[in-house]
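A.B. asks: Provided below: final04.txt, containing compact mmCIF, C-alpha atoms.
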```txt
# COMPACT_ATOMS: atom_id res chain seq x y z
CA MET A 9 45.63 119.01 131.34
CA GLN A 10 45.25 120.15 134.94
CA THR A 11 41.93 119.36 136.60
CA HIS A 12 40.31 120.64 139.79
CA PHE A 13 37.67 118.11 140.74
CA SER A 14 36.82 118.00 144.43
CA LEU A 15 37.24 114.83 146.48
CA ALA A 16 33.46 114.54 146.61
CA GLN A 17 33.26 114.70 142.81
CA LEU A 18 36.02 112.12 142.44
CA ALA A 19 33.98 109.69 144.53
CA ASP A 20 31.79 109.37 141.41
CA PRO A 21 33.23 106.58 139.18
CA GLY A 22 32.22 108.54 136.07
CA ILE A 23 34.10 111.63 137.19
CA GLN A 24 37.13 109.45 137.98
CA VAL A 25 37.17 108.29 134.35
CA ALA A 26 36.68 111.85 133.07
CA ASP A 27 39.55 113.05 135.25
CA GLN A 28 41.90 110.40 133.84
CA ILE A 29 40.93 111.27 130.26
CA LEU A 30 41.31 115.02 130.80
CA ARG A 31 44.71 114.64 132.48
CA ALA A 32 45.98 112.69 129.45
CA CYS A 33 45.41 115.69 127.13
CA VAL A 34 48.57 117.81 126.61
CA HIS A 35 46.92 120.60 124.54
CA CYS A 36 49.05 119.70 121.49
CA GLY A 37 46.28 120.43 118.97
CA PHE A 38 47.17 117.59 116.60
CA CYS A 39 43.49 116.60 116.72
CA THR A 40 42.35 119.84 115.11
CA ALA A 41 43.88 118.99 111.74
CA THR A 42 41.83 115.81 111.37
CA CYS A 43 38.56 116.92 112.95
CA PRO A 44 35.89 117.31 110.22
CA THR A 45 33.97 120.09 111.94
CA PHE A 46 37.09 122.13 112.66
CA VAL A 47 38.26 121.64 109.06
CA LEU A 48 34.91 122.99 107.84
CA LEU A 49 34.15 125.66 110.43
CA GLY A 50 37.56 126.75 111.75
CA ASP A 51 36.21 127.36 115.27
CA GLU A 52 38.37 126.06 118.12
CA ARG A 53 35.20 125.14 120.02
CA ASP A 54 34.30 122.83 117.13
CA SER A 55 37.54 120.88 117.53
CA PRO A 56 38.20 118.00 119.95
CA ARG A 57 40.53 120.16 122.02
CA GLY A 58 37.90 122.88 122.27
CA ARG A 59 35.17 120.42 123.21
CA ILE A 60 37.44 118.85 125.82
CA TYR A 61 37.71 122.28 127.48
CA LEU A 62 33.95 122.77 127.32
CA ILE A 63 33.23 119.35 128.83
CA LYS A 64 35.89 119.89 131.51
CA GLU A 65 34.25 123.14 132.61
CA MET A 66 30.80 121.60 132.52
CA LEU A 67 31.77 118.61 134.67
CA GLU A 68 34.21 120.39 136.96
CA GLN A 69 31.92 123.27 137.88
CA ASP A 70 28.90 120.95 138.05
CA LEU A 71 26.74 123.58 136.38
CA ALA A 72 23.91 123.19 133.90
CA PRO A 73 25.30 123.31 130.34
CA THR A 74 24.91 126.57 128.46
CA LYS A 75 23.50 126.95 124.96
CA THR A 76 27.05 127.59 123.66
CA GLU A 77 28.42 124.40 125.17
CA VAL A 78 25.50 122.38 123.84
CA THR A 79 25.83 123.85 120.34
CA HIS A 80 29.48 122.86 119.94
CA ILE A 81 29.17 119.44 121.58
CA ASP A 82 26.11 118.69 119.43
CA ARG A 83 28.22 119.42 116.34
CA CYS A 84 30.64 116.60 117.19
CA LEU A 85 30.19 113.66 114.82
CA SER A 86 31.83 111.13 117.18
CA CYS A 87 33.89 110.12 114.15
CA LEU A 88 36.84 109.55 116.53
CA SER A 89 39.42 110.70 113.99
CA CYS A 90 40.94 112.65 116.87
CA MET A 91 41.63 109.40 118.73
CA THR A 92 43.59 108.07 115.77
CA THR A 93 45.61 111.29 115.61
CA CYS A 94 46.17 111.87 119.35
CA PRO A 95 49.76 111.05 120.42
CA SER A 96 48.73 110.96 124.10
CA GLY A 97 45.97 108.37 123.86
CA VAL A 98 43.14 110.65 125.04
CA HIS A 99 39.95 108.54 125.09
CA TYR A 100 37.76 111.25 123.61
CA MET A 101 34.91 108.82 122.85
CA HIS A 102 34.13 108.17 126.51
CA LEU A 103 34.53 111.84 127.42
CA VAL A 104 32.15 113.18 124.78
CA ASP A 105 29.62 110.47 125.70
CA MET A 106 29.76 111.72 129.30
CA GLY A 107 29.28 115.29 128.09
CA ARG A 108 26.22 114.29 126.10
CA ALA A 109 24.73 112.40 129.02
CA ARG A 110 25.20 115.47 131.24
CA ILE A 111 23.52 117.67 128.61
CA GLU A 112 20.60 115.26 128.36
CA GLU A 113 20.25 115.29 132.14
CA ALA A 114 20.68 118.99 132.88
CA TYR A 115 19.85 121.05 129.77
CA THR A 116 16.35 121.96 128.59
CA ARG A 117 16.24 122.00 124.81
CA PRO A 118 13.61 123.80 122.72
CA ALA A 119 10.44 121.73 122.40
CA ALA A 120 10.92 120.85 118.72
CA ASP A 121 14.48 119.67 119.36
CA ARG A 122 13.37 117.56 122.35
CA TRP A 123 10.62 116.02 120.23
CA LEU A 124 12.98 115.10 117.39
CA ARG A 125 15.61 113.64 119.73
CA ARG A 126 12.98 111.44 121.33
CA LEU A 127 11.40 110.46 118.02
CA LEU A 128 14.54 109.34 116.20
CA PRO A 129 15.78 106.63 118.60
CA ALA A 130 12.21 105.52 119.32
CA VAL A 131 11.60 104.89 115.61
CA LEU A 132 15.02 103.89 114.26
CA THR A 133 15.64 101.21 116.89
CA ARG A 134 12.35 99.43 116.09
CA PRO A 135 12.43 97.95 112.56
CA GLY A 136 8.67 97.56 112.24
CA LEU A 137 7.99 101.13 113.29
CA PHE A 138 10.87 102.40 111.14
CA ARG A 139 9.42 100.66 108.09
CA LEU A 140 6.01 102.25 108.70
CA ALA A 141 7.65 105.66 109.15
CA LEU A 142 9.51 105.33 105.85
CA ILE A 143 6.35 104.28 104.03
CA GLY A 144 4.66 107.36 105.49
CA ALA A 145 7.59 109.53 104.39
CA ILE A 146 7.39 108.19 100.84
CA LEU A 147 3.67 108.95 100.70
CA ALA A 148 4.17 112.42 102.22
CA ARG A 149 6.99 113.48 99.90
CA PRO A 150 4.68 115.27 97.36
CA PHE A 151 3.51 117.51 100.23
CA ALA A 152 6.98 118.26 101.60
CA ARG A 153 6.75 122.01 100.93
CA LEU A 154 3.84 122.27 103.32
CA LEU A 155 5.78 120.77 106.25
CA PRO A 156 8.14 122.38 108.80
CA LYS A 157 11.84 122.44 107.86
CA LYS A 158 12.85 119.69 110.31
CA LEU A 159 10.25 117.33 108.86
CA ARG A 160 11.32 118.18 105.31
CA THR A 161 14.85 117.14 106.25
CA LEU A 162 13.57 113.77 107.43
CA LEU A 163 11.60 113.30 104.20
CA ASP A 164 14.64 114.13 102.09
CA MET A 165 16.59 111.30 103.74
CA ALA A 166 13.89 108.69 103.09
CA PRO A 167 14.54 106.30 100.16
CA ALA A 168 12.34 106.37 97.06
CA SER A 169 11.26 102.77 97.72
CA LEU A 170 11.80 100.03 100.30
CA PRO A 171 13.05 96.47 99.82
CA SER A 172 10.93 93.66 101.21
CA PRO A 173 11.75 92.30 104.68
CA SER A 174 14.18 89.39 104.68
CA ARG A 175 13.57 86.00 106.29
CA VAL A 176 17.24 85.95 107.22
CA ASP A 177 16.64 88.49 109.99
CA ALA A 178 14.34 86.26 112.06
CA PRO A 179 15.87 84.30 114.98
CA GLN A 180 17.22 81.03 113.58
CA THR A 181 20.37 79.02 112.90
CA PHE A 182 22.00 78.66 109.48
CA PRO A 183 24.13 75.50 109.20
CA ALA A 184 27.66 75.65 107.86
CA GLU A 185 28.40 74.21 104.44
CA GLY A 186 30.77 71.28 104.77
CA VAL A 187 32.82 70.93 107.94
CA ARG A 188 31.89 73.46 110.60
CA LYS A 189 34.85 75.69 111.45
CA LYS A 190 33.16 78.24 113.68
CA ARG A 191 29.86 78.99 115.35
CA VAL A 192 29.04 82.72 115.28
CA ALA A 193 26.17 85.00 116.22
CA LEU A 194 25.15 87.72 113.76
CA LEU A 195 23.72 91.04 114.91
CA THR A 196 21.06 91.79 112.30
CA GLY A 197 20.61 95.33 113.64
CA CYS A 198 17.65 97.68 113.35
CA ALA A 199 17.76 100.32 110.59
CA GLN A 200 19.96 98.19 108.34
CA LYS A 201 17.50 95.35 107.95
CA VAL A 202 14.87 97.84 106.79
CA LEU A 203 17.06 99.89 104.46
CA ALA A 204 19.37 97.16 103.10
CA PRO A 205 18.39 93.59 104.08
CA GLY A 206 20.68 92.29 101.33
CA ILE A 207 23.68 93.01 103.58
CA ASN A 208 22.63 90.44 106.17
CA GLU A 209 21.69 87.98 103.43
CA ALA A 210 25.14 88.31 101.81
CA THR A 211 26.80 87.94 105.22
CA VAL A 212 24.97 84.70 105.99
CA ARG A 213 25.68 83.24 102.53
CA LEU A 214 29.36 84.08 102.73
CA LEU A 215 29.90 82.87 106.28
CA THR A 216 28.07 79.57 105.79
CA ARG A 217 30.02 79.06 102.55
CA LEU A 218 33.20 79.46 104.58
CA GLY A 219 32.18 76.86 107.15
CA CYS A 220 30.51 79.01 109.81
CA GLU A 221 27.30 78.10 111.56
CA VAL A 222 25.47 81.42 111.88
CA VAL A 223 23.01 82.12 114.70
CA VAL A 224 20.52 84.97 114.81
CA ALA A 225 19.85 84.93 118.55
CA GLU A 226 16.38 85.35 120.01
CA GLY A 227 16.16 88.68 121.84
CA ALA A 228 19.10 90.42 120.14
CA GLY A 229 18.29 93.69 118.40
CA CYS A 230 19.47 97.29 118.23
CA CYS A 231 22.97 97.77 119.64
CA GLY A 232 22.01 100.96 121.49
CA ALA A 233 24.36 103.30 119.63
CA LEU A 234 21.61 105.69 118.51
CA PRO A 235 20.28 106.61 121.98
CA HIS A 236 23.80 106.34 123.46
CA HIS A 237 25.16 109.09 121.19
CA LEU A 238 22.16 111.26 122.01
CA GLY A 239 23.00 111.06 125.71
CA GLN A 240 20.02 108.81 126.46
CA GLU A 241 21.96 106.41 128.65
CA GLU A 242 19.18 104.35 130.22
CA ALA A 243 17.63 103.55 126.85
CA ALA A 244 21.05 102.60 125.47
CA LEU A 245 21.86 100.38 128.45
CA ASP A 246 18.51 98.60 128.19
CA LEU A 247 19.31 97.68 124.58
CA ALA A 248 22.85 96.65 125.50
CA ARG A 249 21.62 94.39 128.30
CA ALA A 250 19.11 92.74 125.96
CA ASN A 251 21.90 91.84 123.54
CA VAL A 252 24.24 90.69 126.29
CA ALA A 253 21.49 88.43 127.65
CA ALA A 254 20.70 86.97 124.20
CA TRP A 255 24.32 86.24 123.31
CA SER A 256 25.22 85.02 126.79
CA ALA A 257 22.46 82.42 126.48
CA GLU A 258 24.01 81.20 123.23
CA ILE A 259 27.50 81.17 124.73
CA GLU A 260 26.37 79.17 127.74
CA THR A 261 24.23 76.63 125.84
CA ASN A 262 26.00 75.93 122.54
CA GLY A 263 29.08 78.17 122.61
CA LEU A 264 30.11 80.98 120.28
CA ASP A 265 33.44 81.60 118.59
CA ALA A 266 32.53 85.17 117.66
CA ILE A 267 29.77 87.77 117.56
CA VAL A 268 29.79 89.20 114.05
CA ILE A 269 28.81 92.78 113.25
CA ASN A 270 28.43 93.99 109.66
CA ALA A 271 27.52 97.59 110.56
CA SER A 272 30.66 99.16 111.96
CA GLY A 273 28.77 101.82 113.91
CA CYS A 274 27.15 99.00 115.86
CA GLY A 275 30.44 97.16 116.20
CA THR A 276 32.17 100.07 117.90
CA THR A 277 29.38 100.23 120.49
CA VAL A 278 29.17 96.47 121.12
CA LYS A 279 32.93 96.34 121.60
CA ASP A 280 32.42 98.98 124.30
CA TYR A 281 29.71 97.09 126.21
CA GLY A 282 32.30 96.01 128.78
CA PHE A 283 32.93 99.66 129.64
CA MET A 284 29.31 100.75 129.41
CA LEU A 285 28.15 98.06 131.85
CA ARG A 286 31.26 97.94 134.05
CA LEU A 287 29.36 99.25 137.11
CA HIS A 288 26.24 97.12 136.62
CA GLY A 289 26.92 94.18 138.91
CA ALA A 290 26.46 90.77 137.32
CA TRP A 291 26.13 92.37 133.87
CA ALA A 292 29.75 93.56 133.92
CA GLU A 293 31.41 90.18 133.43
CA ARG A 294 28.97 89.04 130.76
CA ALA A 295 29.25 92.35 128.89
CA ALA A 296 33.06 92.14 128.93
CA ARG A 297 32.86 88.61 127.53
CA VAL A 298 30.53 89.77 124.74
CA SER A 299 32.80 92.68 123.86
CA GLY A 300 35.80 90.34 123.75
CA LEU A 301 34.05 88.04 121.26
CA THR A 302 32.83 90.82 118.95
CA ARG A 303 34.38 91.06 115.48
CA ASP A 304 33.66 93.21 112.48
CA ILE A 305 32.75 90.99 109.53
CA SER A 306 36.03 91.92 107.81
CA GLU A 307 38.03 90.84 110.88
CA LEU A 308 36.36 87.44 110.91
CA LEU A 309 36.71 86.97 107.16
CA ALA A 310 40.43 87.72 107.46
CA GLU A 311 40.70 84.73 109.82
CA LEU A 312 38.97 82.43 107.34
CA GLU A 313 40.16 81.22 103.96
CA LEU A 314 38.14 82.77 101.14
CA PRO A 315 37.24 80.34 98.36
CA ALA A 316 38.53 80.90 94.86
CA ALA A 317 37.06 84.18 93.63
CA ARG A 318 35.50 84.92 90.26
CA ALA A 319 37.50 88.08 89.67
CA ARG A 320 35.56 91.04 88.27
CA PRO A 321 37.19 93.83 86.25
CA LEU A 322 35.80 96.53 88.54
CA ARG A 323 37.45 99.53 90.17
CA VAL A 324 36.26 99.77 93.78
CA ALA A 325 36.66 102.96 95.81
CA TYR A 326 36.81 101.77 99.40
CA HIS A 327 35.29 104.22 101.90
CA SER A 328 36.65 103.46 105.35
CA ALA A 329 33.83 104.17 107.82
CA CYS A 330 34.96 106.26 110.78
CA SER A 331 33.58 103.75 113.25
CA LEU A 332 35.71 101.05 111.62
CA GLN A 333 39.00 102.86 111.01
CA HIS A 334 38.97 105.15 114.07
CA GLY A 335 36.59 103.41 116.47
CA GLN A 336 37.86 99.85 115.95
CA LYS A 337 41.23 100.45 114.26
CA VAL A 338 40.31 98.06 111.42
CA THR A 339 41.91 99.49 108.29
CA ALA A 340 43.73 96.89 106.20
CA ALA A 341 41.44 93.84 106.26
CA PRO A 342 38.55 95.13 104.07
CA LYS A 343 40.90 96.36 101.33
CA GLN A 344 42.98 93.17 101.45
CA LEU A 345 39.86 91.02 101.16
CA LEU A 346 38.55 93.00 98.18
CA ALA A 347 41.93 92.81 96.45
CA ALA A 348 42.14 89.05 97.09
CA ALA A 349 38.69 88.70 95.51
CA GLY A 350 40.00 90.26 92.30
CA PHE A 351 38.78 93.84 92.55
CA THR A 352 41.01 96.83 91.89
CA VAL A 353 40.89 98.72 95.19
CA LEU A 354 41.25 102.50 95.11
CA ASP A 355 42.29 104.65 98.06
CA VAL A 356 40.09 107.71 98.57
CA PRO A 357 41.78 111.10 99.22
CA GLU A 358 41.06 112.49 102.70
CA GLY A 359 39.94 109.03 103.66
CA HIS A 360 40.20 109.91 107.35
CA LEU A 361 37.39 112.49 107.13
CA CYS A 362 33.78 111.58 107.93
CA CYS A 363 31.07 111.39 105.25
CA GLY A 364 28.61 113.17 107.56
CA SER A 365 26.29 110.26 108.33
CA ALA A 366 27.32 109.56 111.96
CA GLY A 367 24.16 107.82 113.17
CA THR A 368 21.47 110.49 113.44
CA TYR A 369 23.88 113.38 112.75
CA ASN A 370 22.73 113.89 109.16
CA LEU A 371 19.18 114.33 110.48
CA LEU A 372 20.09 116.63 113.37
CA GLN A 373 22.87 118.63 111.68
CA PRO A 374 21.88 118.45 107.98
CA GLU A 375 23.86 121.51 106.82
CA ILE A 376 27.23 120.28 108.13
CA ALA A 377 26.42 116.69 107.15
CA GLY A 378 25.60 117.80 103.60
CA ARG A 379 28.88 119.68 103.25
CA LEU A 380 30.83 116.66 104.49
CA ARG A 381 28.95 114.35 102.13
CA ASP A 382 29.67 116.58 99.13
CA ARG A 383 33.35 116.75 100.07
CA LYS A 384 33.49 112.96 100.48
CA VAL A 385 31.71 112.33 97.18
CA ALA A 386 34.06 114.70 95.34
CA ASN A 387 37.06 112.84 96.73
CA ILE A 388 35.58 109.48 95.81
CA GLU A 389 34.64 110.54 92.29
CA SER A 390 38.18 111.84 91.72
CA THR A 391 39.33 108.20 91.70
CA THR A 392 36.89 107.34 88.85
CA PRO A 393 35.57 104.12 90.42
CA ASP A 394 32.97 101.74 89.02
CA VAL A 395 31.53 101.09 92.46
CA ILE A 396 31.94 102.33 96.04
CA ALA A 397 32.27 99.89 98.95
CA ALA A 398 31.83 100.61 102.64
CA GLY A 399 31.31 98.63 105.83
CA ASN A 400 28.53 100.68 107.44
CA VAL A 401 24.95 101.13 106.27
CA GLY A 402 24.84 104.75 107.47
CA CYS A 403 27.79 105.65 105.25
CA ILE A 404 26.29 103.72 102.34
CA THR A 405 23.00 105.62 102.61
CA GLN A 406 24.69 108.99 103.08
CA ILE A 407 27.14 108.67 100.18
CA ALA A 408 24.50 107.19 97.85
CA GLY A 409 22.47 110.36 98.35
CA GLY A 410 25.18 112.43 96.66
CA THR A 411 26.39 110.35 93.72
CA ALA A 412 25.13 108.22 90.85
CA ILE A 413 27.94 105.70 91.41
CA PRO A 414 26.51 102.53 93.02
CA VAL A 415 27.36 102.09 96.72
CA VAL A 416 27.42 98.61 98.26
CA HIS A 417 28.59 96.89 101.40
CA THR A 418 32.03 95.27 101.22
CA VAL A 419 30.53 91.91 102.11
CA GLU A 420 28.12 92.08 99.16
CA LEU A 421 31.06 92.31 96.75
CA LEU A 422 32.89 89.46 98.49
CA ASP A 423 29.78 87.29 98.41
CA TRP A 424 29.30 88.02 94.70
CA ALA A 425 32.92 87.26 93.89
CA THR A 426 32.76 83.90 95.66
CA GLY A 427 29.52 82.55 94.21
CA GLY A 428 26.71 84.77 95.49
CA PRO A 429 24.24 86.86 93.49
CA VAL A 430 24.86 90.30 92.05
CA PRO A 431 24.42 93.02 94.71
CA ALA A 432 21.06 94.79 94.36
CA ALA A 433 22.72 98.14 93.61
CA LEU A 434 24.46 96.60 90.58
CA ALA A 435 21.66 94.36 89.33
CA GLY A 436 20.56 95.14 85.79
CA SER A 437 23.57 97.35 85.04
CA ARG A 438 26.63 96.71 82.92
CA LEU A 439 28.60 96.41 86.17
CA GLY A 440 26.43 93.54 87.34
CA GLU A 441 27.08 91.78 84.08
CA ALA A 442 30.88 92.12 84.37
CA ALA A 443 32.29 88.78 83.32
CA PRO A 444 34.84 86.93 85.42
CA THR A 445 38.38 87.20 84.11
CA PRO A 446 39.84 83.95 82.77
```
Can you dump the structure from the file as structure tokens?
C.D. replies:
Amino acid sequence: MQTHFSLAQLADPGIQVADQILRACVHCGFCTATCPTFVLLGDERDSPRGRIYLIKEMLEQDLAPTKTEVTHIDRCLSCLSCMTTCPSGVHYMHLVDMGRARIEEAYTRPAADRWLRRLLPAVLTRPGLFRLALIGAILARPFARLLPKKLRTLLDMAPASLPSPSRVDAPQTFPAEGVRKKRVALLTGCAQKVLAPGINEATVRLLTRLGCEVVVAEGAGCCGALPHHLGQEEAALDLARANVAAWSAEIETNGLDAIVINASGCGTTVKDYGFMLRLHGAWAERAARVSGLTRDISELLAELELPAARARPLRVAYHSACSLQHGQKVTAAPKQLLAAAGFTVLDVPEGHLCCGSAGTYNLLQPEIAGRLRDRKVANIESTTPDVIAAGNVGCITQIAGGTAIPVVHTVELLDWATGGPVPAALAGSRLGEAAPTP
């Protein structure tokens, strides 16, 4: 793609990156076939190629974004399916993040929209506040009809009840069972430890069983993905720096073999810390080191030897989260691990398409998110599974809202198969009582 940035514009390191990304695009349109919003809406401006043009014009002309540009860029899920499809290696993720940051800086949204986009990252990134908000939502649900539409959408997404906080999420060190093979830090996250604390508990049990010393580092918290994808760069960078500082302290004092992420949306962002902080002086080297050590839980488990599994006669539909398959290019390991643990693993039709969760997308774009969820659930149910597995809490929550089939994290099934307890979503059901095969 031809660009026309001035020399003055190209003096900006961000514009230099945008120019390189734009010039890599050859207009082929392969990305349109795998873009969820284009598949649903059929509008070129709701495809990666269309959004690339919109962002190019916005950056090149250095003008305030228009309502049209904002509408179509807001509709992007950041699922990154286009990056998997693109034969030219266009780094769409960095480009759309720049577009969002420019919108946040130069576009004045309606008051209600501004309020919601400030509220969501402020609440979701703080587990204590998020828990209080969910309790309030549960109490307010009987009065939902009296509330504005945007607030009703938030209430609809709230769970019927909340699990108790887990002691696992506090800063501490869990010793390895037997001979220590690795020392790893676990990101316990923000929303996940409120919605599904059992995921971190299963992760710690499984890793210590496999000979890993697991550290929950003091000062580590939200990865920053939520504000980052809303264009709120300073808030995202503050969270990134806090994590880099916490993990760097562990690296420098006791050493780390890996930083383990069990929410793939977080993993994609942490693996990008090196890029996000590349211009931030002394932070750049430490951020690059953190990104280099980061592994999705399935990547780390693939490096370790799973103990003998108590095979369960269950059919597992594996939903490959976009942030894992497209953002991190991790596709085979989760399915191979589940199969090795004795589960029958089912491939889901249209597995490349997003479920509609996408961080805060299902709250900000509920109509499109609902259509994508229904399409995903229909594809999953066509495989007639006993249980659905995924590697991202956002996907788990989104899909569970559209089906009666239990949805669990991949690591919960692996923990169960190798000596851990029944996952909470299966407890008390015939599936949770499935006997090991001889």
A.B. asks: Please identify all polymer residues within 6 Å of range 94-106 of chain A, counting all atoms listed in the file, omitting same-chain residues fewer than 2 positions from it, and present them as a list in words.
C.D. replies: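 After dropping sequence-adjacent residues, the list is Ile29, Ala32, Cys33, Cys90, Met91, Thr92, Arg108 and Ala109 of chain A.
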A.B. asks: Quick one: residues within 10 Å of Pro205 in chain A, all atoms listed in the file counted, chain neighbours fewer than 2 positions away excluded, as a VMD selection string?
C.D. replies: chain A and resid 170 to 177 196 to 197 199 to 203 207 to 210
A.B. asks: In Å, how far is it from CA of Pro73 in chain A to CA of Ala114 in chain A?
C.D. replies: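 Atom-to-atom, CA of Pro73 in chain A to CA of Ala114 in chain A, that is 6.8 Å.
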A.B. asks: So what do you get for CA of Val298 in chain A versus CA of Gly273 in chain A, distance-wise?
C.D. replies: 16.3 Å
A.B. asks: Any idea what's packed within 10 Å of Glu113 in chain A, counting all atoms listed in the file, ignoring anything in its chain fewer than 5 positions away? Could you give it as an MDAnalysis selection string?
C.D. replies: chainID A and resid 72:73 107:108 239:241
A.B. asks: Near Asp246 in chain A, within 10 Å and counting only C-alpha atoms, which residues show up once chain neighbours fewer than 5 positions away are dropped, as a ChimeraX atom specification?
C.D. replies: /A:231-232,241,251-252
A.B. asks: Given all atoms listed in the file as the basis, pick out the residue of A:Ala348, A:Leu238, A:Ala168, A:Leu49 nearest to Leu372 in chain A.
C.D. replies: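 Of A:Ala348, A:Leu238, A:Ala168, A:Leu49, the one nearest Leu372 in chain A is A:Leu238, counting all atoms listed in the file.
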A.B. asks: Rank A:Gly300, A:Pro183, A:Gly364, A:Pro315 by their smallest atom-to-atom distance to Ile404 in chain A, using only C-alpha atoms, and report the top residue only.
C.D. replies: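 For Ile404 in chain A, the nearest of the given residues is A:Gly364.
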A.B. asks: Mind giving me the straight-line distance from CA of Leu18 in chain A to CA of Arg117 in chain A in Å, one decimal?
C.D. replies: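 Computing it gives 28.3 Å between the two atoms.
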A.B. asks: Give the answer as one residue: which of A:Gly378, A:Pro393, A:Gly227, A:Gly399 has the shortest atom-to-atom distance to Thr339 in chain A, using only C-alpha atoms?
C.D. replies: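 Smallest separation from Thr339 in chain A among the options: A:Gly399.
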A.B. asks: Skipping near chain neighbours, those fewer than 4 positions away, what residues fall within 8 Å of Pro342 in chain A using all atoms listed in the file, listed as a PyMOL selection string?
C.D. replies: chain A and resi 306+346+418
A.B. asks: Can you work out which one of A:Leu301, A:Leu159, A:Val353, A:Ile407 has the shortest atom-to-atom distance to Leu124 in chain A, counting all atoms listed in the file?
C.D. replies: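 Ranked by minimum distance to Leu124 in chain A, first place goes to A:Leu159.
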A.B. asks: Considering all atoms listed in the file, can you say which of A:Glu307, A:Asp355, A:Asp423, A:Asp280 comes closest to Ala295 in chain A?
C.D. replies: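 Among A:Glu307, A:Asp355, A:Asp423, A:Asp280, it is A:Asp280 that comes nearest to Ala295 in chain A.
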A.B. asks: Between A:His12, A:His237, A:Arg381, A:Arg323, which has the minimum distance to Arg125 in chain A (counting only C-alpha atoms)?
C.D. replies: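 Among the listed residues, the smallest separation from Arg125 in chain A belongs to A:His237.
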A.B. asks: Taking (25.2, 102.9, 102.8) in the coordinates of the supplied file, I want to know which residues reach to within 12 Å of it, counting all atoms listed in the file; could you give the answer as a VMD selection string?
C.D. replies: chain A and resid 167 199 to 201 203 to 207 270 to 273 327 to 329 363 to 367 396 to 411 414 to 418 420 433
